[in-house]
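Colleague: Take this structure first; my questions come after.
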Amino acid sequence: MTPVSYDIELTGVYKSYPLGKSRIPIFEDLTMTIPDGDFLAIMGPSGSGKSTILNLIGGIDTVDGGHVSIGGTMLDKMSTRALTRWRSEVIGFVFQFYNLMPMLSAAQNVELPLLLTDLSASERRERVHTILDIVGLADRHDHLPSLLSGGQQQRVGIARAIASDPRILLCDEPTGDLDRKSADEILELLQLLNTKLGKTIIMVTHDESSTRVAKRTVILDKGRFVSEEIAQCA
Amino acid sequence: MRLSPSLLIRQNLTRKLLRSILLILCIGVAFFIFGVLSSFRQGFEGASSQTSRLVVASKVGGNETLPLSYLPEIEALNGVSDVTHITRLRAFVGNERNIVGANAVDLESYARVYADAYAFDPEMLRAADADRTAILVGRTLAARMGWSTGDTVTLTSFMHAREGGDRNWRFTIAGVFDGAEVTTDTSFLLARADYFHAAVMRNKNRVDLFGIQPKPGTDTEALAREIDALYANSGAQTRTQSETAFMSAFLEQFANIALLVRLIVGVAFATILMIVANTMIFAIRERTLEIGVLKVLGFSGGRIMRIVLAETLVLFALGLCLGLSLTAAVIPVLADALQSVVPGLYLTPRVIATAVALAVGFALACGALPSINALRLPIAAALKHR
């Protein structure tokens with residue numbers, strides 16, 4: 001039965017990466033909880049493990065020790081096939097460099113994850129239209145990514161991430177490649193997805209001003225949380 | 001345009017259009033070489049060659065003859081159903097470059113022994129029986145020379161002179177015969193052996209070959225050994241072989257055609273395979289990040305592997321179509337030009353089926369490595385790839 005709440009829990013996580021013949025630990029005993037509906041900003045210097053947290057929560061990397069549980073589902077216990085299916089239903093990813101398919105139009109990029117669903121072609125088209133409308137790109141339906149600005153490409157990236165209606169959005173530096181104005185528009189869009197649609201959003205960022213849309217901000221350093229700030233408006 | 005896996009495959013193939021076109025051309029050339037050479041091989045060997053029939057020739061070589069008196073002795077052997085004899089005229093029409101295949105045979109027994117290969121109309125045989133100078137002409141030769149029934153033709157033999165030294169032989173066409181199949185060689189004519197042996201100046205009643213139809217169920221190898229043993233101590237020793245072995249041995253006098261074909265096709269395919277596999281590996285490596293994104297979106301490794309394999313299959317299918325179309329266009333021209341050298345040159349269904357099987361096999365082989373790489377690629381590593 002589908003769990004009602006998608007709380008994210010990392011318990012005693014140990015994660016290391018190979019460096020030559022030895023391994024460098026990133027997390028040695030990381031424990032954290034992100035409640036369903038949260039908007040968490042993660043900041044910290046390069047190499048502190050910000051993106052690794054996103055990868056572990058998104059099931060695209062695995063823990064060496066400890067557990068990652070989302071809505072009661074233990075990711076480290078799932079098969080690759082089950083994890084792939086689960087990810088397509090529960091997680092949406094937003095990348096710093098958009099990572100759109102260059103040969104597909106904006107609408108086709110958004111439709112891509114819907115190919116894995118049981119929706120008919122007309123239902124997919126309808127949903128793509130609605131989503132592009134939400135992100136303010138209804139008039140850019142047939143444009144190739146190369147014909148869109150950075151901000152517009154990131155909107156397509158967000159539209160693609162929410163196309164299959166996931167509960168959790170993982171955003172890795174979503175405004176890192178954008179000018180201030182476009183960055184602000186993207187942040188407002190993410191805030192809208194959090195407040196209006198109830199998506200849990202975890203956003204990794206280097207930009208302190210970006211954290212204003214988050215409900216909570218944590219600072220990560222050398223694999224440990226060194227401070228946490230809860231927004232006044234949250 | 002509606003998004004579908006086939007659209008993804010098409011878009012991937014057309015994103016570097018020149019590269020895809022060059023690959024298709026490459027594959028097309030490989031299958032063109034395959035199609036032409038395989039058709040040549042089949043044309044040389046002749047689709048009518050069948051293994052149950054035996055051919056008796058001189059053990060010494062193709063230019064040596066055997067006495068016609070062997071025929072009743074061979075006919076009397078236990079496993080022999082029927083025997084005929086063949087003498088090559090080695091002749092040309094008009095000029096020495098216009099060589100025609102011409103054999104002096106006993107038409108009645110020849111028609112029986114080769115009943116499965118050639119369709120001899122009884123009327124035609126009766127007409128030939130009525131005229132000692134009659135010949136029966138194969139359909140391909142008749143078409144090439146523009147001959148028809150009733151025409152009188154003069155053949156000049158390189159080696160058989162008539163009594164008096166004249167090497168010109170005048171014949172009247174009594175009929176045109178067809179092969180049992182489209183690939184059956186009909187680019188030769190048959191003259192009456194009784195007329196030939198009566199008129200020829202030297203080597204009277206000496207023949208080049210005996211064709212034997214064994215009785216059903218006969219051990220043909222044992223029969224061949226028995227015939228050769230019969231004449232082991234004679235002045236004209238024999239070599240008895242299956243018809244297929246005889247044809248192969250005949251061709252190997254010039255070159256080992258089968259080996260040449262295999263070598264050329266093998267080298268062409270190995271080269272093409274390496275080029276295509278290498279290009280596909282690079283093409284997939286260029287898309288490492290995209291594959292990572294597809295996996296993040298929920299596309300399984302198997303699904304991505306199928307997309308990559310489908311791309312190579314499409315490339316090979318298009319290359320195959322191109323190669324076979326070129327072959328189909330070129331074969332009639334070659335068949336016309338080389339009719340006297342390679343009779344029965346056709347693009348046969350067997351060659352097409354083999355080409356299709358090879359295309360599928362090579363597509364899977366070429367696509368396997370890049371698609372397995374795509375399958376194994378860790379997502380986190382792929383996303384770092386730029």
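To be explicit about the labels: the chains of the structure tokens are called A, B, and onward in the order shown, and within each one the residues are counted from 1, while ligands get numbers from 1 in the order they are shown.
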Residues of segment 68-137 of chain A in alpha helix (DSSP H) according to DSSP, as number ranges by chain?

Modeller: A: 80-90, 106-111, 121-134

Colleague: Counting only C-alpha atoms, which residues of chain A come no farther than 7 Å from chain B, as a ChimeraX atom specification?

Modeller: /A:60-61,81,84-85,87-88,101,103,108,113

Colleague: Hey, can you check how far atom CA of Lys222 of chain A sits from atom CA of Ile53 of chain A?

Modeller: 12.5 Å

Colleague: Taking only C-alpha atoms into account, which of A:Pro35, A:Leu137, A:Met78, A:Ala107 comes nearest Arg125 of chain A?

Modeller: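 Ranked by minimum distance to Arg125 of chain A, first place goes to A:Ala107.
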
Colleague: Near Val360 of chain B, counting only C-alpha atoms, which residues have an atom at most 9 Å away, once you skip same-chain residues fewer than 6 positions from it, shown as an MDAnalysis selection string?

Modeller: chainID B and resid 313 316:317

Colleague: If you keep N, CA and C atoms, can you produce a file of those selected residues as a compact mmCIF listing (two decimals), in the first residue's frame?

Modeller:
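New file result_32.txt:
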# COMPACT_ATOMS: atom_id res chain seq x y z
N LEU B 313 20.75 -1.95 -35.31
CA LEU B 313 19.92 -2.76 -36.21
C LEU B 313 19.42 -1.92 -37.37
N PHE B 316 22.26 -1.24 -39.77
CA PHE B 316 22.57 -2.41 -40.60
C PHE B 316 21.44 -2.71 -41.58
N ALA B 317 20.18 -2.49 -41.15
CA ALA B 317 19.05 -2.75 -42.05
C ALA B 317 19.13 -1.82 -43.26

Colleague: Compile the contact shell of Pro122 of chain B as a list in words: residues with an atom at most 10 Å away, counting only C-alpha atoms, same-chain residues fewer than 5 positions apart removed.

Modeller: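 Non-adjacent residues within range: Glu108, Ala111, Ala127 and Ala128 of chain B.
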
Colleague: Provide the atom CA of Asp106 of chain B to atom CA of Ile86 of chain B distance in Å, to one decimal place.

Modeller: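 Pair atom CA of Asp106 of chain B / atom CA of Ile86 of chain B returns 7.7 Å.
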
Colleague: Just want the 8 Å neighbourhood of Val63 of chain A, counted on only C-alpha atoms, with same-chain residues fewer than 5 positions away dropped. Output as a CSV table (one decimal) with N, CA, C and O atoms, in the first residue's frame.

Modeller:
chain,number,residue,atom,x,y,z
A,13,VAL,N,24.5,6.8,8.2
A,13,VAL,CA,25.0,6.6,6.9
A,13,VAL,C,26.5,6.7,6.9
A,13,VAL,O,27.1,7.6,7.4
A,14,TYR,N,27.1,5.6,6.3
A,14,TYR,CA,28.6,5.7,6.0
A,14,TYR,C,28.8,5.6,4.5
A,14,TYR,O,28.2,4.8,3.8
A,15,LYS,N,29.5,6.5,4.0
A,15,LYS,CA,29.8,6.6,2.6
A,15,LYS,C,31.2,7.0,2.3
A,15,LYS,O,31.7,8.0,2.9
A,56,LEU,N,22.2,9.8,-2.7
A,56,LEU,CA,21.7,8.7,-1.9
A,56,LEU,C,20.2,8.7,-1.7
A,56,LEU,O,19.6,7.7,-1.7
A,68,VAL,N,19.0,4.3,4.2
A,68,VAL,CA,18.2,5.5,3.7
A,68,VAL,C,16.8,4.9,3.5
A,68,VAL,O,16.6,4.0,2.8
A,76,ASP,N,18.3,0.8,0.4
A,76,ASP,CA,19.4,-0.1,0.3
A,76,ASP,C,19.0,-1.6,0.3
A,76,ASP,O,19.8,-2.5,0.0

Colleague: List as a ChimeraX atom specification the protein and nucleic acid residues near Gly223 of chain A, meaning an atom at most 7 Å away when only C-alpha atoms are counted, but skip any in the same chain fewer than 4 places from it.

Modeller: /A:26-27,48-49

Colleague: Once you have the residues from the selection above, write them out as a compact mmCIF listing (two decimals), in the first residue's frame, restricted to N, CA and C atoms.

Modeller:
# COMPACT_ATOMS: atom_id res chain seq x y z
N ILE A 26 33.22 10.12 3.16
CA ILE A 26 32.47 11.38 3.00
C ILE A 26 31.57 11.56 4.24
N PHE A 27 30.81 10.50 4.52
CA PHE A 27 29.98 10.48 5.73
C PHE A 27 30.40 9.29 6.58
N SER A 48 31.97 18.71 0.45
CA SER A 48 31.40 18.47 1.79
C SER A 48 30.37 17.35 1.78
N GLY A 49 29.95 16.92 0.58
CA GLY A 49 29.00 15.80 0.50
C GLY A 49 27.58 16.20 0.14

Colleague: Give me the residues near Ile24 of chain B as a PDB file with N, CA, C and O atoms, in the first residue's frame, where near means some atom within 7 Å (using only C-alpha atoms) and where sequence neighbours in that chain fewer than 5 positions away do not count.

Modeller:
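Wrote it out as result-v6.pdb, contents follow:
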ATOM      1  N   LEU B 315      20.796   0.839 -38.540  1.00  0.00           N
ATOM      2  CA  LEU B 315      21.948   1.137 -39.407  1.00  0.00           C
ATOM      3  C   LEU B 315      22.234  -0.034 -40.346  1.00  0.00           C
ATOM      4  O   LEU B 315      22.408   0.143 -41.553  1.00  0.00           O
ATOM      5  N   PHE B 316      22.261  -1.238 -39.771  1.00  0.00           N
ATOM      6  CA  PHE B 316      22.566  -2.412 -40.595  1.00  0.00           C
ATOM      7  C   PHE B 316      21.436  -2.713 -41.579  1.00  0.00           C
ATOM      8  O   PHE B 316      21.695  -3.136 -42.710  1.00  0.00           O
ATOM      9  N   LEU B 318      19.433  -0.538 -43.003  1.00  0.00           N
ATOM     10  CA  LEU B 318      19.525   0.410 -44.113  1.00  0.00           C
ATOM     11  C   LEU B 318      20.722   0.069 -45.005  1.00  0.00           C
ATOM     12  O   LEU B 318      20.621   0.122 -46.235  1.00  0.00           O
ATOM     13  N   GLY B 319      21.857  -0.285 -44.370  1.00  0.00           N
ATOM     14  CA  GLY B 319      23.040  -0.669 -45.134  1.00  0.00           C
ATOM     15  C   GLY B 319      22.771  -1.915 -45.968  1.00  0.00           C
ATOM     16  O   GLY B 319      23.169  -1.999 -47.133  1.00  0.00           O
TER      17      GLY B 319
END

Colleague: May I ask for the distance between atom CA of Asn109 of chain A and atom CA of Gly37 of chain A, given in Å to one decimal place?

Modeller: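 Spanning atom CA of Asn109 of chain A to atom CA of Gly37 of chain A is a straight-line distance of 26.1 Å.
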
Colleague: Taking only C-alpha atoms into account, which of A:Arg124, A:Arg224, A:Arg167, A:Arg180 comes nearest Phe39 of chain A?

Modeller: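 Checking each of A:Arg124, A:Arg224, A:Arg167, A:Arg180 against Phe39 of chain A, counting only C-alpha atoms, the winner is A:Arg167.
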
Colleague: Nearest to Leu66 of chain B: which of B:Leu189, B:Leu54, B:Ala236, B:Ala268 is it, counting only C-alpha atoms?

Modeller: B:Ala236
